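Encoded as structure tokens, the structure appears first; notes follow it.
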There are 2 protein chains.
Amino acid sequence: MLESTRVTVSTREQLLRSAARLFREQGFHGTSVAEIASAAGITKSSLYHHFASKQALLGEILEDTVSRATPAVEAIAAADLPAAERLREAARCHVVELIHDQDKVACFVEEGRYLAPELREVFVAKRDRYEQSFRRILADGVRSGELRPVSVGLASLAVLGMCNSVVHWYQSSGPLSVETVAEEFADLAVKSLLREQPSGGAEPGGRSLVGSSASGTVPA
Amino acid sequence: MLESTRVTVSTREQLLRSAARLFREQGFHGTSVAEIASAAGITKSSLYHHFASKQALLGEILEDTVSRATPAVEAIAAADLPAAERLREAARCHVVELIHDQDKVACFVEEGRYLAPELREVFVAKRDRYEQSFRRILADGVRSGELRPVSVGLASLAVLGMCNSVVHWYQSSGPLSVETVAEEFADLAVKSLLREQPSGGAEPGGRSLVGSSASGTVPA
DNA sequence: GTCTATAAACGGATAGAC
DNA sequence: GTCTATCCGTTTATAGAC
């Protein structure tokens, strides 16, 4: 590390980024190797010097994603905190990571199913391990009575499905900050499962002064 | 209607069903016209007698879906009921319809973005109109104070994202009934947004006898 | 590490016979 | 309505020069 911050990126990483963006926009099968190479500023043939196949490109995008996200949620799941707080933090972390590298995560969520059988097996195992952290938190919360006695399997899929959907509409150029979205979604996840509301004491049917809390409209 | 129940299906409808199944499994761009025709028991050329293009096939799948689902949720949104009850019913209805024609709805959720620009404009407008029913219910609930003062835009996307995710993992051959999933998800949606929990009075930190309420494990 | 050239297969779509 | 045969552009991937 002789240089302070590297702004240039290796051709290899540039190819991964271009591929992730195009796979997200057009789908894995809707994107040609030539397009990826062109977006990275080289020819199709040169791409094959860096990656053995289009499949290998997708595989590495998914690997990048899961290897970065898994340690973070596993640490949260293992923390010495009430389940509701761990759930909030895990959901928040999930959304933040998702937006941080939106193209690659979108590939993880949407295009992972197009991996060839051999690679897909590994992918599914790693995805399951990631999701296991959420199931663990929910199971803890249900066992302790902190959370409602829901089906842990269903509720985990619901929370993850809700959070993952952010990848389809969030635009960093839009009015909503990463933190706003992450905290709102984490809040929805926790409140949907909490046994007791730490209520302010307002009566049912009471009025609210607020019509819509967040500032802007949400892009389609 | 001289015959009681038609078990045979027109070639045209058979093509739509085959296309929806294959688009769902392999993606729009990952499916060839020849595969669709073959799955319906005819040749590629014969398919072009029924549909002008692969795009037209996708367009009609989406049209089928939206034209069946929209009236149902619009009736619910307009009903003279508390917002929380309308939300529960709309979410339940959404999940039931989604599972009822899972292949076509999966195309609606996942493959609609691959429509050619002209057709996509119509598609997006119809999808927005569908989602508008959810926003309307949520806005009513927030205005009346029945629901928490959340951002209606964000919360609608959260609820729909959560419900739509069912399309990715539900298997009718699995242990979970349509009704179980629909009611659990509707419950999560309502509880995430309700201002006051109609609580049974258990104390926070209390114990539950139930580890996991639904019967079986959930498929990956 | 990048290029030009090319292989070999597959894609959507059409022509025209029956 | 379905077929066989075909057009022709595009696809993934490779060979081999620089």
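Each chain of the structure tokens is named A, B, ... in the order shown, its residues numbered from 1; ligands are numbered from 1 in display order.
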Compile a residue-level contact table for chain C against chain A at a cut-off of 9 Å, reporting for every qualifying residue the shortest atom pair and its distance in Å to one decimal, with only C-alpha atoms (C1' of nucleotides) counted, rows ordered by chain and ascending number, as JSON lines.
```
{"residue": "C:DG1", "atom": "C1'", "partner": "A:Ser46", "partner_atom": "CA", "distance": 7.2}
{"residue": "C:DT2", "atom": "C1'", "partner": "A:Ser46", "partner_atom": "CA", "distance": 5.8}
{"residue": "C:DC3", "atom": "C1'", "partner": "A:Ser46", "partner_atom": "CA", "distance": 7.9}
```
Shell around DA9 of chain C at 10 Å using only C-alpha atoms (C1' of nucleotides), local window under 2 positions removed, as a PDB file with all heavy atoms, in the first residue's frame:
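Saved as part-v3.pdb:
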```pdb
ATOM      1  P    DA C   7     -13.853 -20.864 -40.235  1.00  0.00           P
ATOM      2  OP1  DA C   7     -12.960 -21.351 -41.304  1.00  0.00           O
ATOM      3  OP2  DA C   7     -15.103 -20.160 -40.573  1.00  0.00           O
ATOM      4  O5'  DA C   7     -14.194 -22.097 -39.287  1.00  0.00           O
ATOM      5  C5'  DA C   7     -13.246 -22.495 -38.290  1.00  0.00           C
ATOM      6  C4'  DA C   7     -13.966 -22.775 -36.991  1.00  0.00           C
ATOM      7  O4'  DA C   7     -14.417 -21.526 -36.391  1.00  0.00           O
ATOM      8  C3'  DA C   7     -15.202 -23.656 -37.135  1.00  0.00           C
ATOM      9  O3'  DA C   7     -15.001 -24.836 -36.382  1.00  0.00           O
ATOM     10  C2'  DA C   7     -16.357 -22.808 -36.582  1.00  0.00           C
ATOM     11  C1'  DA C   7     -15.628 -21.783 -35.719  1.00  0.00           C
ATOM     12  N9   DA C   7     -16.312 -20.496 -35.563  1.00  0.00           N
ATOM     13  C8   DA C   7     -16.479 -19.507 -36.492  1.00  0.00           C
ATOM     14  N7   DA C   7     -17.104 -18.453 -36.045  1.00  0.00           N
ATOM     15  C5   DA C   7     -17.373 -18.756 -34.725  1.00  0.00           C
ATOM     16  C6   DA C   7     -18.019 -18.046 -33.694  1.00  0.00           C
ATOM     17  N6   DA C   7     -18.529 -16.820 -33.857  1.00  0.00           N
ATOM     18  N1   DA C   7     -18.123 -18.652 -32.489  1.00  0.00           N
ATOM     19  C2   DA C   7     -17.619 -19.880 -32.332  1.00  0.00           C
ATOM     20  N3   DA C   7     -16.981 -20.635 -33.218  1.00  0.00           N
ATOM     21  C4   DA C   7     -16.896 -20.014 -34.412  1.00  0.00           C
ATOM     22  P    DG C  11     -31.596 -22.043 -28.765  1.00  0.00           P
ATOM     23  OP1  DG C  11     -31.846 -22.041 -27.311  1.00  0.00           O
ATOM     24  OP2  DG C  11     -32.234 -23.068 -29.640  1.00  0.00           O
ATOM     25  O5'  DG C  11     -31.953 -20.605 -29.346  1.00  0.00           O
ATOM     26  C5'  DG C  11     -31.290 -19.476 -28.793  1.00  0.00           C
ATOM     27  C4'  DG C  11     -31.775 -18.204 -29.483  1.00  0.00           C
ATOM     28  O4'  DG C  11     -30.961 -17.961 -30.658  1.00  0.00           O
ATOM     29  C3'  DG C  11     -33.216 -18.250 -29.991  1.00  0.00           C
ATOM     30  O3'  DG C  11     -34.063 -17.636 -29.032  1.00  0.00           O
ATOM     31  C2'  DG C  11     -33.170 -17.390 -31.249  1.00  0.00           C
ATOM     32  C1'  DG C  11     -31.750 -17.613 -31.766  1.00  0.00           C
ATOM     33  N9   DG C  11     -31.639 -18.698 -32.718  1.00  0.00           N
ATOM     34  C8   DG C  11     -31.608 -20.038 -32.432  1.00  0.00           C
ATOM     35  N7   DG C  11     -31.482 -20.792 -33.481  1.00  0.00           N
ATOM     36  C5   DG C  11     -31.436 -19.903 -34.531  1.00  0.00           C
ATOM     37  C6   DG C  11     -31.310 -20.124 -35.915  1.00  0.00           C
ATOM     38  O6   DG C  11     -31.218 -21.213 -36.512  1.00  0.00           O
ATOM     39  N1   DG C  11     -31.306 -18.925 -36.634  1.00  0.00           N
ATOM     40  C2   DG C  11     -31.398 -17.671 -36.086  1.00  0.00           C
ATOM     41  N2   DG C  11     -31.381 -16.645 -36.930  1.00  0.00           N
ATOM     42  N3   DG C  11     -31.520 -17.440 -34.794  1.00  0.00           N
ATOM     43  C4   DG C  11     -31.526 -18.593 -34.076  1.00  0.00           C
TER      44       DG C  11
ATOM     45  P    DT D  11     -25.864 -11.327 -29.308  1.00  0.00           P
ATOM     46  OP1  DT D  11     -26.640 -10.757 -28.196  1.00  0.00           O
ATOM     47  OP2  DT D  11     -24.690 -10.620 -29.869  1.00  0.00           O
ATOM     48  O5'  DT D  11     -25.414 -12.804 -28.887  1.00  0.00           O
ATOM     49  C5'  DT D  11     -26.403 -13.793 -28.568  1.00  0.00           C
ATOM     50  C4'  DT D  11     -25.748 -15.120 -28.278  1.00  0.00           C
ATOM     51  O4'  DT D  11     -25.450 -15.763 -29.532  1.00  0.00           O
ATOM     52  C3'  DT D  11     -24.405 -14.983 -27.579  1.00  0.00           C
ATOM     53  O3'  DT D  11     -24.583 -15.065 -26.179  1.00  0.00           O
ATOM     54  C2'  DT D  11     -23.615 -16.181 -28.103  1.00  0.00           C
ATOM     55  C1'  DT D  11     -24.275 -16.541 -29.424  1.00  0.00           C
ATOM     56  N1   DT D  11     -23.446 -16.272 -30.645  1.00  0.00           N
ATOM     57  C2   DT D  11     -22.817 -17.316 -31.277  1.00  0.00           C
ATOM     58  O2   DT D  11     -22.889 -18.459 -30.880  1.00  0.00           O
ATOM     59  N3   DT D  11     -22.099 -16.959 -32.389  1.00  0.00           N
ATOM     60  C4   DT D  11     -21.946 -15.689 -32.927  1.00  0.00           C
ATOM     61  O4   DT D  11     -21.274 -15.499 -33.936  1.00  0.00           O
ATOM     62  C5   DT D  11     -22.624 -14.642 -32.201  1.00  0.00           C
ATOM     63  C7   DT D  11     -22.516 -13.214 -32.704  1.00  0.00           C
ATOM     64  C6   DT D  11     -23.333 -14.976 -31.109  1.00  0.00           C
ATOM     65  P    DT D  12     -23.342 -14.802 -25.242  1.00  0.00           P
ATOM     66  OP1  DT D  12     -23.926 -14.531 -23.911  1.00  0.00           O
ATOM     67  OP2  DT D  12     -22.516 -13.791 -25.926  1.00  0.00           O
ATOM     68  O5'  DT D  12     -22.494 -16.163 -25.194  1.00  0.00           O
ATOM     69  C5'  DT D  12     -23.103 -17.374 -24.777  1.00  0.00           C
ATOM     70  C4'  DT D  12     -22.141 -18.523 -25.052  1.00  0.00           C
ATOM     71  O4'  DT D  12     -21.819 -18.544 -26.467  1.00  0.00           O
ATOM     72  C3'  DT D  12     -20.817 -18.421 -24.304  1.00  0.00           C
ATOM     73  O3'  DT D  12     -20.497 -19.694 -23.751  1.00  0.00           O
ATOM     74  C2'  DT D  12     -19.815 -18.008 -25.381  1.00  0.00           C
ATOM     75  C1'  DT D  12     -20.417 -18.626 -26.642  1.00  0.00           C
ATOM     76  N1   DT D  12     -20.079 -17.907 -27.905  1.00  0.00           N
ATOM     77  C2   DT D  12     -19.565 -18.605 -28.988  1.00  0.00           C
ATOM     78  O2   DT D  12     -19.360 -19.806 -28.957  1.00  0.00           O
ATOM     79  N3   DT D  12     -19.294 -17.843 -30.089  1.00  0.00           N
ATOM     80  C4   DT D  12     -19.484 -16.482 -30.227  1.00  0.00           C
ATOM     81  O4   DT D  12     -19.194 -15.921 -31.277  1.00  0.00           O
ATOM     82  C5   DT D  12     -20.027 -15.813 -29.064  1.00  0.00           C
ATOM     83  C7   DT D  12     -20.280 -14.333 -29.096  1.00  0.00           C
ATOM     84  C6   DT D  12     -20.299 -16.535 -27.970  1.00  0.00           C
TER      85       DT D  12
END
```
Residues of chain A that have any atom at most 9 Å from an atom of chain D: could you tabulate them with the shortest-distance atom pair and the distance in Å to one decimal, using only C-alpha atoms (C1' of nucleotides), ordered by chain and increasing number, as a Markdown table?
```
| residue | atom | partner | partner_atom | distance |
| --- | --- | --- | --- | --- |
| A:Ser32 | CA | D:DT11 | C1' | 7.6 |
| A:Val33 | CA | D:DT12 | C1' | 7.8 |
| A:Ser45 | CA | D:DA13 | C1' | 8.7 |
| A:Tyr48 | CA | D:DA13 | C1' | 8.4 |
| A:Ser53 | CA | D:DA13 | C1' | 8.1 |
| A:Lys54 | CA | D:DT12 | C1' | 8.3 |
```
Saved selection, atoms kept: N, CA, C and O atoms, as an mmCIF file, in the first residue's frame:
```cif
data_model
loop_
_atom_site.group_PDB
_atom_site.id
_atom_site.type_symbol
_atom_site.label_atom_id
_atom_site.label_comp_id
_atom_site.auth_asym_id
_atom_site.auth_seq_id
_atom_site.Cartn_x
_atom_site.Cartn_y
_atom_site.Cartn_z
ATOM 1 N N SER A 32 -25.015 -10.398 -23.402
ATOM 2 C CA SER A 32 -23.997 -11.160 -24.117
ATOM 3 C C SER A 32 -22.618 -10.852 -23.553
ATOM 4 O O SER A 32 -22.378 -9.775 -22.987
ATOM 5 N N VAL A 33 -21.721 -11.790 -23.735
ATOM 6 C CA VAL A 33 -20.343 -11.609 -23.293
ATOM 7 C C VAL A 33 -19.722 -10.389 -23.979
ATOM 8 O O VAL A 33 -18.948 -9.646 -23.369
ATOM 9 N N SER A 45 -12.846 -11.389 -26.773
ATOM 10 C CA SER A 45 -11.761 -12.368 -26.634
ATOM 11 C C SER A 45 -10.898 -12.085 -25.413
ATOM 12 O O SER A 45 -10.462 -13.007 -24.720
ATOM 13 N N TYR A 48 -12.097 -13.471 -22.121
ATOM 14 C CA TYR A 48 -11.841 -14.888 -21.844
ATOM 15 C C TYR A 48 -10.437 -15.135 -21.292
ATOM 16 O O TYR A 48 -10.130 -16.237 -20.852
ATOM 17 N N SER A 53 -15.597 -18.457 -18.506
ATOM 18 C CA SER A 53 -16.916 -18.519 -19.146
ATOM 19 C C SER A 53 -17.837 -17.462 -18.548
ATOM 20 O O SER A 53 -17.514 -16.837 -17.530
ATOM 21 N N LYS A 54 -18.966 -17.274 -19.167
ATOM 22 C CA LYS A 54 -19.983 -16.375 -18.642
ATOM 23 C C LYS A 54 -20.471 -16.880 -17.283
ATOM 24 O O LYS A 54 -20.727 -16.089 -16.363
#
```
A:Ala78, A:Val9, A:Val150, A:Val178 ranked by distance to chain B, top pick (using only C-alpha atoms):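 With only C-alpha atoms as the atom set, the closest residue is A:Val150.
Checking B:His168, B:Thr70, B:Ala158, B:Phe51 one by one against Val181 of chain A, counting only C-alpha atoms, you find the shortest gap at B:Ala158.
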As a count of residues only, please: the residues near Arg129 of chain A (cut-off 12 Å, only C-alpha atoms (C1' of nucleotides), same-chain neighbours under 2 positions excluded). 20
Calculated over only C-alpha atoms, which of the candidates B:Tyr130, B:Gly27, B:Arg120, B:Leu115 has the smallest distance to chain A?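 Using only C-alpha atoms, chain A sits closest to B:Gly27.
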Neighbours of Leu58 of chain A within 8 Å (only C-alpha atoms (C1' of nucleotides); same-chain residues fewer than 3 positions away dropped), as a PyMOL selection string? chain A and resi 19-20+54-55+61-62+107+112+115
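For the atom pair formed by atom CA of Arg86 of chain B and atom CA of Val159 of chain A, the distance is 21.5 Å, given to one decimal.
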Where in chain B does DSSP assign alpha helix (DSSP H), given as an MDAnalysis selection string? chainID B and resid 11:26 33:40 44:50 54:78 83:100 102:106 117:144 152:164 166:169 178:193
Between atom CA of Ala39 of chain B and atom CA of Gln26 of chain B, what is the spacing in Å?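 Computing it gives 13.5 Å between the two atoms.
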